[in-house]
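Engineer: I have a structure here, written as structure tokens, and I will follow up with some questions on it.
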Amino acid sequence: MNSVIEQIRLRRSVRAFTGEPLQARHESALLEYIAGLSHPFGGKARIEYLPLHMGSAPVRLGTYGVISGAPAFLAMIYDNSSALGKTGASYMFEQALLYCTDMGLGSCWLGGAFSRSNFKKLCNLSPTERLPIVSPVGYPVAKAVKPPTPADPALMDRPRKPFGATFFSGSFGNPLTPEAAGSYATPFEMVRLAPSANNMQPWRVVADAAGFHFYKTFSFGFASVDAGIALCHFEQTCRELGLSGSFKALGAYPEGRNAAYVISWVR
Ligand SMILES: Cc1cc2nc3c(=O)[nH]c(=O)nc-3n(C[C@H](O)[C@H](O)[C@H](O)COP(=O)(O)O)c2cc1C
């Protein structure tokens, strides 16, 4: 398996697939991987693999972006009775999509108006379960990859907010620099590369002596999902780099203006 940093750098939204069904070795590896995932915050979630070949005609499954040729889908299902249920499910779903990237499979988070009733029927939801996201999985149609941007090679062709626009030192409004982030600069860079709905990047992090405090901006409907993806990139990168710590809900942590507290990473 590639390093998680490599997987994060390689992953990008893939919307055009060759139509080729998943090879048995890829399908069984993926099934085994998703069966072994667990909710990072003690909630309940599952990921369903649905071999639903969509044909070669482009279909608008989400509110934006057209998907074609996908031989299968993954569906993200969480139980809404726990506080960070959806956020943790999104963490798991991103782990699954990074694993797909590692096997050379394309994917794309879809939270738009896909035909939920069909997916829901196939997934047999209980009354407390929700299905907010699906992703196609399959072999990407080869596409010319733009060369890395000289100004910021880590970002390749993907537009992202500057480091100091989402990461802060001590309090909101005081931008954190990669230099000041020290050994945590790479985990933060991996957060920057996280996918988010409409590429809104609604995560905000305040660093202080106690650790790193994660927030989500209120402005957008998928902020909890996007926050879960950011937490996944952050923690998985820390683990890979041997930076020890864990997520802790510091209940009384001050709310930022226009941002809701999610959780803290305590060193
Ligand atoms: C929660 C969520 C919902 C998304 N919904 C859609 C969607 O409905 N249609 C679509 O084409 N892309 C969707 N995307 C993909 C984003 O547009 C994409 O991740 C973002 O533009 C960054 O591009 P990248 O994934 O290539 O890095 C979604 C992403 C996330 C995280």
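The chains in the structure tokens are called A, B, ... from first to last as shown; in each chain the residues are counted from 1, and the ligands are counted from 1 in the order shown.
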List as a PDB file with N, CA and C atoms, in the first residue's frame the protein and nucleic acid residues lying within 8 Å of ligand 1, with only C-alpha atoms and all ligand atoms counted.

Structural biologist:
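And here is the file that came out, part-v6.pdb:
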ATOM      1  N   ARG A  11      -5.349  11.319  -4.839  1.00  0.00           N
ATOM      2  CA  ARG A  11      -6.808  11.307  -4.962  1.00  0.00           C
ATOM      3  C   ARG A  11      -7.325  12.589  -5.594  1.00  0.00           C
ATOM      4  N   ARG A  12      -8.254  12.450  -6.470  1.00  0.00           N
ATOM      5  CA  ARG A  12      -8.985  13.608  -6.985  1.00  0.00           C
ATOM      6  C   ARG A  12     -10.352  13.101  -7.430  1.00  0.00           C
ATOM      7  N   SER A  13     -11.290  13.969  -7.599  1.00  0.00           N
ATOM      8  CA  SER A  13     -12.619  13.520  -7.999  1.00  0.00           C
ATOM      9  C   SER A  13     -12.584  12.996  -9.431  1.00  0.00           C
ATOM     10  N   VAL A  14     -13.050  11.770  -9.598  1.00  0.00           N
ATOM     11  CA  VAL A  14     -13.126  11.160 -10.926  1.00  0.00           C
ATOM     12  C   VAL A  14     -14.601  11.016 -11.288  1.00  0.00           C
ATOM     13  N   ARG A  15     -14.976  11.534 -12.438  1.00  0.00           N
ATOM     14  CA  ARG A  15     -16.396  11.499 -12.840  1.00  0.00           C
ATOM     15  C   ARG A  15     -16.626  10.686 -14.112  1.00  0.00           C
ATOM     16  N   LEU A  61     -25.977  12.524 -11.453  1.00  0.00           N
ATOM     17  CA  LEU A  61     -26.431  11.902 -10.210  1.00  0.00           C
ATOM     18  C   LEU A  61     -26.413  12.893  -9.064  1.00  0.00           C
ATOM     19  N   GLY A  62     -25.494  13.826  -9.142  1.00  0.00           N
ATOM     20  CA  GLY A  62     -25.397  14.843  -8.101  1.00  0.00           C
ATOM     21  C   GLY A  62     -26.018  16.124  -8.603  1.00  0.00           C
ATOM     22  N   THR A  63     -26.008  17.151  -7.770  1.00  0.00           N
ATOM     23  CA  THR A  63     -26.559  18.421  -8.224  1.00  0.00           C
ATOM     24  C   THR A  63     -25.651  19.072  -9.254  1.00  0.00           C
ATOM     25  N   TYR A  64     -24.365  18.706  -9.215  1.00  0.00           N
ATOM     26  CA  TYR A  64     -23.456  19.221 -10.228  1.00  0.00           C
ATOM     27  C   TYR A  64     -22.513  18.094 -10.597  1.00  0.00           C
ATOM     28  N   GLY A  65     -21.867  18.188 -11.762  1.00  0.00           N
ATOM     29  CA  GLY A  65     -20.943  17.146 -12.181  1.00  0.00           C
ATOM     30  C   GLY A  65     -21.709  15.979 -12.755  1.00  0.00           C
ATOM     31  N   VAL A  66     -21.208  15.470 -13.869  1.00  0.00           N
ATOM     32  CA  VAL A  66     -21.891  14.389 -14.563  1.00  0.00           C
ATOM     33  C   VAL A  66     -21.032  13.141 -14.454  1.00  0.00           C
ATOM     34  N   ILE A  67     -21.649  12.021 -14.088  1.00  0.00           N
ATOM     35  CA  ILE A  67     -20.898  10.779 -13.889  1.00  0.00           C
ATOM     36  C   ILE A  67     -21.193   9.849 -15.066  1.00  0.00           C
ATOM     37  N   CYS A 108     -15.713   9.660  -6.447  1.00  0.00           N
ATOM     38  CA  CYS A 108     -16.116  11.064  -6.324  1.00  0.00           C
ATOM     39  C   CYS A 108     -17.232  11.170  -5.286  1.00  0.00           C
ATOM     40  N   TRP A 109     -17.003  11.910  -4.228  1.00  0.00           N
ATOM     41  CA  TRP A 109     -18.065  12.174  -3.248  1.00  0.00           C
ATOM     42  C   TRP A 109     -19.251  12.803  -3.976  1.00  0.00           C
ATOM     43  N   LEU A 110     -20.441  12.270  -3.754  1.00  0.00           N
ATOM     44  CA  LEU A 110     -21.638  12.862  -4.349  1.00  0.00           C
ATOM     45  C   LEU A 110     -22.672  13.079  -3.258  1.00  0.00           C
ATOM     46  N   GLY A 111     -22.966  14.328  -3.003  1.00  0.00           N
ATOM     47  CA  GLY A 111     -23.944  14.632  -1.964  1.00  0.00           C
ATOM     48  C   GLY A 111     -25.158  15.336  -2.523  1.00  0.00           C
ATOM     49  N   GLY A 112     -25.172  15.464  -3.813  1.00  0.00           N
ATOM     50  CA  GLY A 112     -26.258  16.213  -4.443  1.00  0.00           C
ATOM     51  C   GLY A 112     -27.527  15.388  -4.509  1.00  0.00           C
ATOM     52  N   ALA A 113     -28.372  15.771  -5.410  1.00  0.00           N
ATOM     53  CA  ALA A 113     -29.689  15.157  -5.481  1.00  0.00           C
ATOM     54  C   ALA A 113     -29.657  13.863  -6.290  1.00  0.00           C
ATOM     55  N   PHE A 114     -28.816  12.919  -5.863  1.00  0.00           N
ATOM     56  CA  PHE A 114     -28.846  11.619  -6.544  1.00  0.00           C
ATOM     57  C   PHE A 114     -30.132  10.918  -6.148  1.00  0.00           C
ATOM     58  N   ILE A 133     -24.562  10.338   1.233  1.00  0.00           N
ATOM     59  CA  ILE A 133     -23.462  10.391   0.265  1.00  0.00           C
ATOM     60  C   ILE A 133     -23.340   9.065  -0.475  1.00  0.00           C
ATOM     61  N   ARG A 158      -5.151  21.453  -8.106  1.00  0.00           N
ATOM     62  CA  ARG A 158      -6.373  21.642  -7.333  1.00  0.00           C
ATOM     63  C   ARG A 158      -6.383  22.955  -6.575  1.00  0.00           C
ATOM     64  N   PRO A 159      -7.352  23.771  -6.859  1.00  0.00           N
ATOM     65  CA  PRO A 159      -7.398  25.060  -6.169  1.00  0.00           C
ATOM     66  C   PRO A 159      -7.790  24.875  -4.706  1.00  0.00           C
ATOM     67  N   LEU A 193      -5.700  19.412   1.137  1.00  0.00           N
ATOM     68  CA  LEU A 193      -6.013  18.638  -0.073  1.00  0.00           C
ATOM     69  C   LEU A 193      -7.321  17.857   0.029  1.00  0.00           C
ATOM     70  N   ALA A 194      -7.976  17.931   1.183  1.00  0.00           N
ATOM     71  CA  ALA A 194      -9.217  17.164   1.358  1.00  0.00           C
ATOM     72  C   ALA A 194     -10.283  17.636   0.368  1.00  0.00           C
ATOM     73  N   PRO A 195     -11.093  16.694  -0.116  1.00  0.00           N
ATOM     74  CA  PRO A 195     -12.235  17.090  -0.951  1.00  0.00           C
ATOM     75  C   PRO A 195     -13.320  17.709  -0.067  1.00  0.00           C
ATOM     76  N   SER A 196     -14.095  18.609  -0.617  1.00  0.00           N
ATOM     77  CA  SER A 196     -15.229  19.178   0.127  1.00  0.00           C
ATOM     78  C   SER A 196     -16.316  19.556  -0.871  1.00  0.00           C
ATOM     79  N   ALA A 197     -17.543  19.610  -0.387  1.00  0.00           N
ATOM     80  CA  ALA A 197     -18.668  19.914  -1.266  1.00  0.00           C
ATOM     81  C   ALA A 197     -18.475  21.303  -1.875  1.00  0.00           C
ATOM     82  N   ASN A 198     -18.609  21.393  -3.174  1.00  0.00           N
ATOM     83  CA  ASN A 198     -18.379  22.655  -3.900  1.00  0.00           C
ATOM     84  C   ASN A 198     -16.997  23.242  -3.632  1.00  0.00           C
ATOM     85  N   ASN A 199     -16.083  22.416  -3.169  1.00  0.00           N
ATOM     86  CA  ASN A 199     -14.717  22.848  -2.822  1.00  0.00           C
ATOM     87  C   ASN A 199     -14.731  24.038  -1.852  1.00  0.00           C
ATOM     88  N   MET A 200     -15.690  24.008  -0.927  1.00  0.00           N
ATOM     89  CA  MET A 200     -15.852  25.142   0.007  1.00  0.00           C
ATOM     90  C   MET A 200     -14.817  25.152   1.127  1.00  0.00           C
ATOM     91  N   PHE A 222     -23.012  20.674   3.914  1.00  0.00           N
ATOM     92  CA  PHE A 222     -22.209  19.463   4.061  1.00  0.00           C
ATOM     93  C   PHE A 222     -21.014  19.669   4.994  1.00  0.00           C
ATOM     94  N   ALA A 223     -21.062  20.715   5.828  1.00  0.00           N
ATOM     95  CA  ALA A 223     -19.899  21.045   6.662  1.00  0.00           C
ATOM     96  C   ALA A 223     -19.489  19.897   7.592  1.00  0.00           C
ATOM     97  N   VAL A 225     -19.825  16.726   7.051  1.00  0.00           N
ATOM     98  CA  VAL A 225     -19.193  15.710   6.202  1.00  0.00           C
ATOM     99  C   VAL A 225     -17.771  16.160   5.864  1.00  0.00           C
ATOM    100  N   ASP A 226     -17.656  17.399   5.410  1.00  0.00           N
ATOM    101  CA  ASP A 226     -16.338  17.926   5.037  1.00  0.00           C
ATOM    102  C   ASP A 226     -15.390  17.915   6.240  1.00  0.00           C
ATOM    103  N   ILE A 229     -13.951  14.468   6.749  1.00  0.00           N
ATOM    104  CA  ILE A 229     -12.898  14.164   5.773  1.00  0.00           C
ATOM    105  C   ILE A 229     -11.592  14.827   6.218  1.00  0.00           C
TER     106      ILE A 229
END

Engineer: Name the residues in contact with Gly170 (chain A) at a cut-off of 7 Å, using only C-alpha atoms, excluding same-chain residues fewer than 3 positions from it; report them as a list in words.

Structural biologist: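 These residues fall inside the cut-off: Val206, Ala207 and Asp208 of chain A.
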
Engineer: Might you pull out every residue within 12 Å of Arg204 (chain A), with only C-alpha atoms counted and same-chain residues fewer than 4 positions away left off, and present them as a PyMOL selection string?

Structural biologist: chain A and resi 161-169+171-176+188+191-192+200+212-218+223+226-227+230-231+255-264

Engineer: Just want the 10 Å neighbourhood of Gly138 (chain A), counted on only C-alpha atoms, with same-chain residues fewer than 3 positions away dropped. Output as a PDB file with N, CA and C atoms, in the first residue's frame.

Structural biologist:
ATOM      1  N   VAL A  14     -13.050  11.770  -9.598  1.00  0.00           N
ATOM      2  CA  VAL A  14     -13.126  11.160 -10.926  1.00  0.00           C
ATOM      3  C   VAL A  14     -14.601  11.016 -11.288  1.00  0.00           C
ATOM      4  N   ARG A  15     -14.976  11.534 -12.438  1.00  0.00           N
ATOM      5  CA  ARG A  15     -16.396  11.499 -12.840  1.00  0.00           C
ATOM      6  C   ARG A  15     -16.626  10.686 -14.112  1.00  0.00           C
ATOM      7  N   ALA A  16     -15.534  10.318 -14.816  1.00  0.00           N
ATOM      8  CA  ALA A  16     -15.674   9.518 -16.047  1.00  0.00           C
ATOM      9  C   ALA A  16     -14.923   8.197 -15.884  1.00  0.00           C
ATOM     10  N   PHE A  17     -15.667   7.096 -16.056  1.00  0.00           N
ATOM     11  CA  PHE A  17     -15.108   5.758 -15.850  1.00  0.00           C
ATOM     12  C   PHE A  17     -15.180   4.970 -17.148  1.00  0.00           C
ATOM     13  N   THR A  18     -14.296   3.952 -17.241  1.00  0.00           N
ATOM     14  CA  THR A  18     -14.209   3.189 -18.497  1.00  0.00           C
ATOM     15  C   THR A  18     -15.399   2.249 -18.702  1.00  0.00           C
ATOM     16  N   GLY A  19     -16.137   1.955 -17.647  1.00  0.00           N
ATOM     17  CA  GLY A  19     -17.238   1.010 -17.768  1.00  0.00           C
ATOM     18  C   GLY A  19     -16.827  -0.412 -17.437  1.00  0.00           C
ATOM     19  N   GLU A  20     -15.530  -0.651 -17.366  1.00  0.00           N
ATOM     20  CA  GLU A  20     -15.026  -2.000 -17.055  1.00  0.00           C
ATOM     21  C   GLU A  20     -15.438  -2.375 -15.621  1.00  0.00           C
ATOM     22  N   PRO A  21     -16.017  -3.566 -15.423  1.00  0.00           N
ATOM     23  CA  PRO A  21     -16.387  -3.968 -14.055  1.00  0.00           C
ATOM     24  C   PRO A  21     -15.147  -4.103 -13.175  1.00  0.00           C
ATOM     25  N   LEU A  22     -15.324  -4.006 -11.879  1.00  0.00           N
ATOM     26  CA  LEU A  22     -14.184  -4.161 -10.976  1.00  0.00           C
ATOM     27  C   LEU A  22     -13.620  -5.580 -11.080  1.00  0.00           C
ATOM     28  N   GLN A  23     -12.303  -5.665 -11.178  1.00  0.00           N
ATOM     29  CA  GLN A  23     -11.659  -6.979 -11.171  1.00  0.00           C
ATOM     30  C   GLN A  23     -11.935  -7.629  -9.819  1.00  0.00           C
ATOM     31  N   HIS A  26      -9.783  -6.593  -6.912  1.00  0.00           N
ATOM     32  CA  HIS A  26     -10.051  -5.260  -6.388  1.00  0.00           C
ATOM     33  C   HIS A  26     -11.347  -5.251  -5.580  1.00  0.00           C
ATOM     34  N   GLU A  27     -12.353  -5.944  -6.121  1.00  0.00           N
ATOM     35  CA  GLU A  27     -13.643  -5.980  -5.438  1.00  0.00           C
ATOM     36  C   GLU A  27     -13.510  -6.644  -4.062  1.00  0.00           C
ATOM     37  N   HIS A  53     -24.028  -1.255 -12.335  1.00  0.00           N
ATOM     38  CA  HIS A  53     -23.410  -0.726 -13.541  1.00  0.00           C
ATOM     39  C   HIS A  53     -24.329   0.300 -14.188  1.00  0.00           C
ATOM     40  N   GLY A  69     -20.157   5.862 -16.884  1.00  0.00           N
ATOM     41  CA  GLY A  69     -19.434   4.592 -16.976  1.00  0.00           C
ATOM     42  C   GLY A  69     -19.066   3.919 -15.671  1.00  0.00           C
ATOM     43  N   ALA A  70     -19.641   4.351 -14.542  1.00  0.00           N
ATOM     44  CA  ALA A  70     -19.255   3.720 -13.265  1.00  0.00           C
ATOM     45  C   ALA A  70     -19.823   2.303 -13.181  1.00  0.00           C
ATOM     46  N   PRO A  71     -18.996   1.320 -12.814  1.00  0.00           N
ATOM     47  CA  PRO A  71     -19.491  -0.056 -12.705  1.00  0.00           C
ATOM     48  C   PRO A  71     -20.047  -0.369 -11.314  1.00  0.00           C
ATOM     49  N   ALA A  72     -19.817   0.517 -10.343  1.00  0.00           N
ATOM     50  CA  ALA A  72     -20.260   0.231  -8.972  1.00  0.00           C
ATOM     51  C   ALA A  72     -20.299   1.517  -8.166  1.00  0.00           C
ATOM     52  N   PHE A  73     -20.939   1.442  -7.001  1.00  0.00           N
ATOM     53  CA  PHE A  73     -21.032   2.602  -6.096  1.00  0.00           C
ATOM     54  C   PHE A  73     -20.748   2.163  -4.671  1.00  0.00           C
ATOM     55  N   CYS A 100      -9.431   3.078  -2.321  1.00  0.00           N
ATOM     56  CA  CYS A 100      -9.729   2.944  -3.761  1.00  0.00           C
ATOM     57  C   CYS A 100      -8.612   3.599  -4.583  1.00  0.00           C
ATOM     58  N   GLY A 104      -5.820   2.234  -7.579  1.00  0.00           N
ATOM     59  CA  GLY A 104      -5.974   2.777  -8.938  1.00  0.00           C
ATOM     60  C   GLY A 104      -7.424   2.968  -9.346  1.00  0.00           C
ATOM     61  N   LEU A 105      -8.324   2.925  -8.350  1.00  0.00           N
ATOM     62  CA  LEU A 105      -9.752   3.123  -8.645  1.00  0.00           C
ATOM     63  C   LEU A 105     -10.123   4.579  -8.428  1.00  0.00           C
ATOM     64  N   GLY A 106     -10.940   5.114  -9.314  1.00  0.00           N
ATOM     65  CA  GLY A 106     -11.419   6.479  -9.166  1.00  0.00           C
ATOM     66  C   GLY A 106     -12.672   6.509  -8.304  1.00  0.00           C
ATOM     67  N   SER A 107     -12.961   7.688  -7.751  1.00  0.00           N
ATOM     68  CA  SER A 107     -14.158   7.870  -6.924  1.00  0.00           C
ATOM     69  C   SER A 107     -14.528   9.344  -6.937  1.00  0.00           C
ATOM     70  N   SER A 135     -20.657   7.340  -3.759  1.00  0.00           N
ATOM     71  CA  SER A 135     -19.533   7.598  -4.671  1.00  0.00           C
ATOM     72  C   SER A 135     -19.490   6.503  -5.718  1.00  0.00           C
ATOM     73  N   VAL A 141     -11.287   7.021 -16.720  1.00  0.00           N
ATOM     74  CA  VAL A 141     -10.903   7.281 -18.105  1.00  0.00           C
ATOM     75  C   VAL A 141      -9.628   8.110 -18.037  1.00  0.00           C
TER      76      VAL A 141
END

Engineer: Apply DSSP to the backbone of this structure and, from region 154-213 of chain A, keep only the residues in alpha helix (DSSP H); write these as a CSV table (one decimal) with C-alpha atoms, in the first residue's frame.

Structural biologist:
chain,number,residue,atom,x,y,z
A,163,PHE,CA,-2.7,27.8,4.5
A,164,GLY,CA,-3.4,30.8,6.8
A,165,ALA,CA,-7.0,31.3,5.6
A,166,THR,CA,-8.2,28.1,7.4
A,178,PRO,CA,3.6,26.3,7.9
A,179,GLU,CA,6.9,27.2,9.7
A,180,ALA,CA,5.0,27.8,13.0
A,181,ALA,CA,3.1,24.5,12.5
A,185,ALA,CA,2.7,21.4,8.7
A,186,THR,CA,2.3,18.1,6.6
A,187,PRO,CA,-0.9,17.0,8.4
A,188,PHE,CA,-2.3,20.5,7.7
A,189,GLU,CA,-1.2,20.3,4.1
A,190,MET,CA,-3.1,17.0,3.8
A,191,VAL,CA,-6.2,18.7,5.3
A,192,ARG,CA,-5.9,21.4,2.6

Engineer: Have a look at CA of Gln95 (chain A) and CA of Gln7 (chain A) and let me know their distance in Å, one decimal.

Structural biologist: 10.0 Å

Engineer: Tell me, in Å to one decimal, how far CA of Cys238 (chain A) is from CA of Leu74 (chain A).

Structural biologist: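 Value for the CA of Cys238 (chain A)-CA of Leu74 (chain A) distance: 26.4 Å.
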
Engineer: Using Å and a single decimal, report how far CA of Leu98 (chain A) sits from CA of Val4 (chain A).

Structural biologist: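 Distance between the two atoms: 7.7 Å.
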
Engineer: Compare A:Gly211, A:Gly228, A:Gly36, A:Pro136 by their minimum atom-to-atom distance to Tyr49 (chain A), counting only C-alpha atoms, and give me the closest one.

Structural biologist: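 The answer is A:Pro136, which sits nearest to Tyr49 (chain A).
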
Engineer: When you look at Phe41 (chain A) with a cut-off of 9 Å (counting only C-alpha atoms), what residues show up, excluding the ones that are within fewer than 6 positions of it in the same chain? I need them as an NGL selection string.

Structural biologist: :A and (83-85 or 87-88 or 247)

Engineer: The selected residues should be written to file as a PDB file, in the first residue's frame (atoms: N, CA and C atoms).

Structural biologist:
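The resulting file, result.pdb, is reproduced below:
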ATOM      1  N   ALA A  83     -23.781  11.906  18.497  1.00  0.00           N
ATOM      2  CA  ALA A  83     -23.443  13.302  18.207  1.00  0.00           C
ATOM      3  C   ALA A  83     -22.563  13.476  16.969  1.00  0.00           C
ATOM      4  N   LEU A  84     -21.475  12.738  16.875  1.00  0.00           N
ATOM      5  CA  LEU A  84     -20.575  12.910  15.735  1.00  0.00           C
ATOM      6  C   LEU A  84     -20.774  11.774  14.718  1.00  0.00           C
ATOM      7  N   GLY A  85     -22.005  11.256  14.679  1.00  0.00           N
ATOM      8  CA  GLY A  85     -22.305  10.117  13.806  1.00  0.00           C
ATOM      9  C   GLY A  85     -21.961  10.370  12.353  1.00  0.00           C
ATOM     10  N   THR A  87     -20.148  12.881  11.058  1.00  0.00           N
ATOM     11  CA  THR A  87     -18.748  13.292  10.889  1.00  0.00           C
ATOM     12  C   THR A  87     -17.835  12.053  10.873  1.00  0.00           C
ATOM     13  N   GLY A  88     -18.082  11.134  11.798  1.00  0.00           N
ATOM     14  CA  GLY A  88     -17.261   9.917  11.856  1.00  0.00           C
ATOM     15  C   GLY A  88     -17.483   9.010  10.655  1.00  0.00           C
ATOM     16  N   PHE A 247      -8.123  12.486  19.338  1.00  0.00           N
ATOM     17  CA  PHE A 247      -9.236  13.421  19.319  1.00  0.00           C
ATOM     18  C   PHE A 247      -9.966  13.398  20.659  1.00  0.00           C
TER      19      PHE A 247
END

Engineer: Taking only C-alpha atoms into account, which of A:Tyr78, A:Tyr184, A:Phe234, A:Tyr33 comes nearest Pro127 (chain A)?

Structural biologist: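 Between A:Tyr78, A:Tyr184, A:Phe234, A:Tyr33, the residue approaching Pro127 (chain A) most closely is A:Tyr78.
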
Engineer: Choose the residue, out of A:Pro51, A:Leu131, A:Ala24, A:Glu94, that has the smallest atom-to-atom separation from Phe119 (chain A); count only C-alpha atoms.

Structural biologist: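 Nearest to Phe119 (chain A): A:Leu131.
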
Engineer: Among region 109-244 of chain A, which residues carry a DSSP assignment of strand (DSSP E or B), reported as a JSON list (two decimals) with N, CA and C atoms, in the first residue's frame?

Structural biologist:
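New file part-v2.json:
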[["chain", "number", "residue", "atom", "x", "y", "z"],
["A", 110, "LEU", "N", -20.44, 12.27, -3.75],
["A", 110, "LEU", "CA", -21.64, 12.86, -4.35],
["A", 110, "LEU", "C", -22.67, 13.08, -3.26],
["A", 129, "GLU", "N", -31.21, 5.37, 10.49],
["A", 129, "GLU", "CA", -30.09, 5.46, 9.56],
["A", 129, "GLU", "C", -30.35, 6.50, 8.46],
["A", 130, "ARG", "N", -29.28, 7.17, 8.05],
["A", 130, "ARG", "CA", -29.33, 8.17, 6.99],
["A", 130, "ARG", "C", -28.30, 7.83, 5.92],
["A", 131, "LEU", "N", -28.62, 8.19, 4.68],
["A", 131, "LEU", "CA", -27.71, 7.91, 3.56],
["A", 131, "LEU", "C", -27.48, 9.23, 2.79],
["A", 132, "PRO", "N", -26.51, 10.03, 3.23],
["A", 132, "PRO", "CA", -26.34, 11.34, 2.59],
["A", 132, "PRO", "C", -25.38, 11.37, 1.40],
["A", 133, "ILE", "N", -24.56, 10.34, 1.23],
["A", 133, "ILE", "CA", -23.46, 10.39, 0.27],
["A", 133, "ILE", "C", -23.34, 9.07, -0.47],
["A", 134, "VAL", "N", -23.07, 9.14, -1.75],
["A", 134, "VAL", "CA", -22.62, 7.95, -2.49],
["A", 134, "VAL", "C", -21.37, 8.35, -3.30],
["A", 135, "SER", "N", -20.66, 7.34, -3.76],
["A", 135, "SER", "CA", -19.53, 7.60, -4.67],
["A", 135, "SER", "C", -19.49, 6.50, -5.72],
["A", 136, "PRO", "N", -19.29, 6.89, -6.98],
["A", 136, "PRO", "CA", -19.00, 5.86, -7.98],
["A", 136, "PRO", "C", -17.60, 5.30, -7.69],
["A", 137, "VAL", "N", -17.38, 4.05, -8.08],
["A", 137, "VAL", "CA", -16.03, 3.47, -8.04],
["A", 137, "VAL", "C", -15.79, 2.73, -9.34],
["A", 138, "GLY", "N", -14.60, 2.88, -9.87],
["A", 138, "GLY", "CA", -14.27, 2.18, -11.11],
["A", 138, "GLY", "C", -12.95, 2.68, -11.66],
["A", 140, "PRO", "N", -10.71, 4.93, -13.87],
["A", 140, "PRO", "CA", -10.87, 6.25, -14.47],
["A", 140, "PRO", "C", -10.54, 6.25, -15.95],
["A", 167, "PHE", "N", -6.21, 27.90, 8.83],
["A", 167, "PHE", "CA", -5.50, 27.44, 10.04],
["A", 167, "PHE", "C", -4.99, 28.67, 10.79],
["A", 168, "PHE", "N", -5.22, 28.68, 12.11],
["A", 168, "PHE", "CA", -4.92, 29.88, 12.90],
["A", 168, "PHE", "C", -4.09, 29.52, 14.13],
["A", 169, "SER", "N", -3.39, 30.53, 14.61],
["A", 169, "SER", "CA", -2.56, 30.36, 15.79],
["A", 169, "SER", "C", -3.18, 31.12, 16.95],
["A", 175, "PRO", "N", -3.37, 34.17, 11.35],
["A", 175, "PRO", "CA", -3.02, 33.06, 10.48],
["A", 175, "PRO", "C", -1.83, 32.24, 10.99],
["A", 203, "TRP", "N", -13.53, 23.73, 6.82],
["A", 203, "TRP", "CA", -12.84, 23.44, 8.07],
["A", 203, "TRP", "C", -12.01, 24.65, 8.50],
["A", 204, "ARG", "N", -11.91, 24.84, 9.83],
["A", 204, "ARG", "CA", -11.04, 25.86, 10.41],
["A", 204, "ARG", "C", -10.35, 25.20, 11.60],
["A", 205, "VAL", "N", -9.08, 25.49, 11.80],
["A", 205, "VAL", "CA", -8.36, 24.89, 12.92],
["A", 205, "VAL", "C", -7.61, 25.99, 13.67],
["A", 206, "VAL", "N", -7.77, 25.99, 14.99],
["A", 206, "VAL", "CA", -7.03, 26.92, 15.84],
["A", 206, "VAL", "C", -6.00, 26.10, 16.63],
["A", 207, "ALA", "N", -4.72, 26.47, 16.50],
["A", 207, "ALA", "CA", -3.65, 25.78, 17.21],
["A", 207, "ALA", "C", -3.31, 26.57, 18.47],
["A", 208, "ASP", "N", -3.18, 25.86, 19.59],
["A", 208, "ASP", "CA", -2.66, 26.51, 20.80],
["A", 208, "ASP", "C", -1.90, 25.47, 21.60],
["A", 211, "GLY", "N", -3.43, 21.99, 21.93],
["A", 211, "GLY", "CA", -3.54, 21.12, 20.76],
["A", 211, "GLY", "C", -4.14, 21.88, 19.59],
["A", 212, "PHE", "N", -4.92, 21.15, 18.78],
["A", 212, "PHE", "CA", -5.51, 21.73, 17.57],
["A", 212, "PHE", "C", -7.02, 21.59, 17.66],
["A", 213, "HIS", "N", -7.71, 22.71, 17.53],
["A", 213, "HIS", "CA", -9.16, 22.72, 17.73],
["A", 213, "HIS", "C", -9.85, 22.88, 16.38],
["A", 214, "PHE", "N", -10.61, 21.89, 16.01],
["A", 214, "PHE", "CA", -11.26, 21.86, 14.69],
["A", 214, "PHE", "C", -12.67, 22.45, 14.75],
["A", 215, "TYR", "N", -12.96, 23.27, 13.77],
["A", 215, "TYR", "CA", -14.29, 23.90, 13.64],
["A", 215, "TYR", "C", -14.80, 23.66, 12.23],
["A", 216, "LYS", "N", -16.10, 23.91, 12.06],
["A", 216, "LYS", "CA", -16.68, 23.93, 10.71],
["A", 216, "LYS", "C", -17.46, 25.23, 10.58],
["A", 217, "THR", "N", -17.41, 25.82, 9.41],
["A", 217, "THR", "CA", -18.18, 27.05, 9.23],
["A", 217, "THR", "C", -19.65, 26.67, 9.07]]

Engineer: Which one is closest to Arg267 (chain A): A:Ile34, A:Leu125, A:Ala252, A:Ala210? Count only C-alpha atoms.

Structural biologist: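 That would be A:Ala210, the residue with the smallest distance to Arg267 (chain A).
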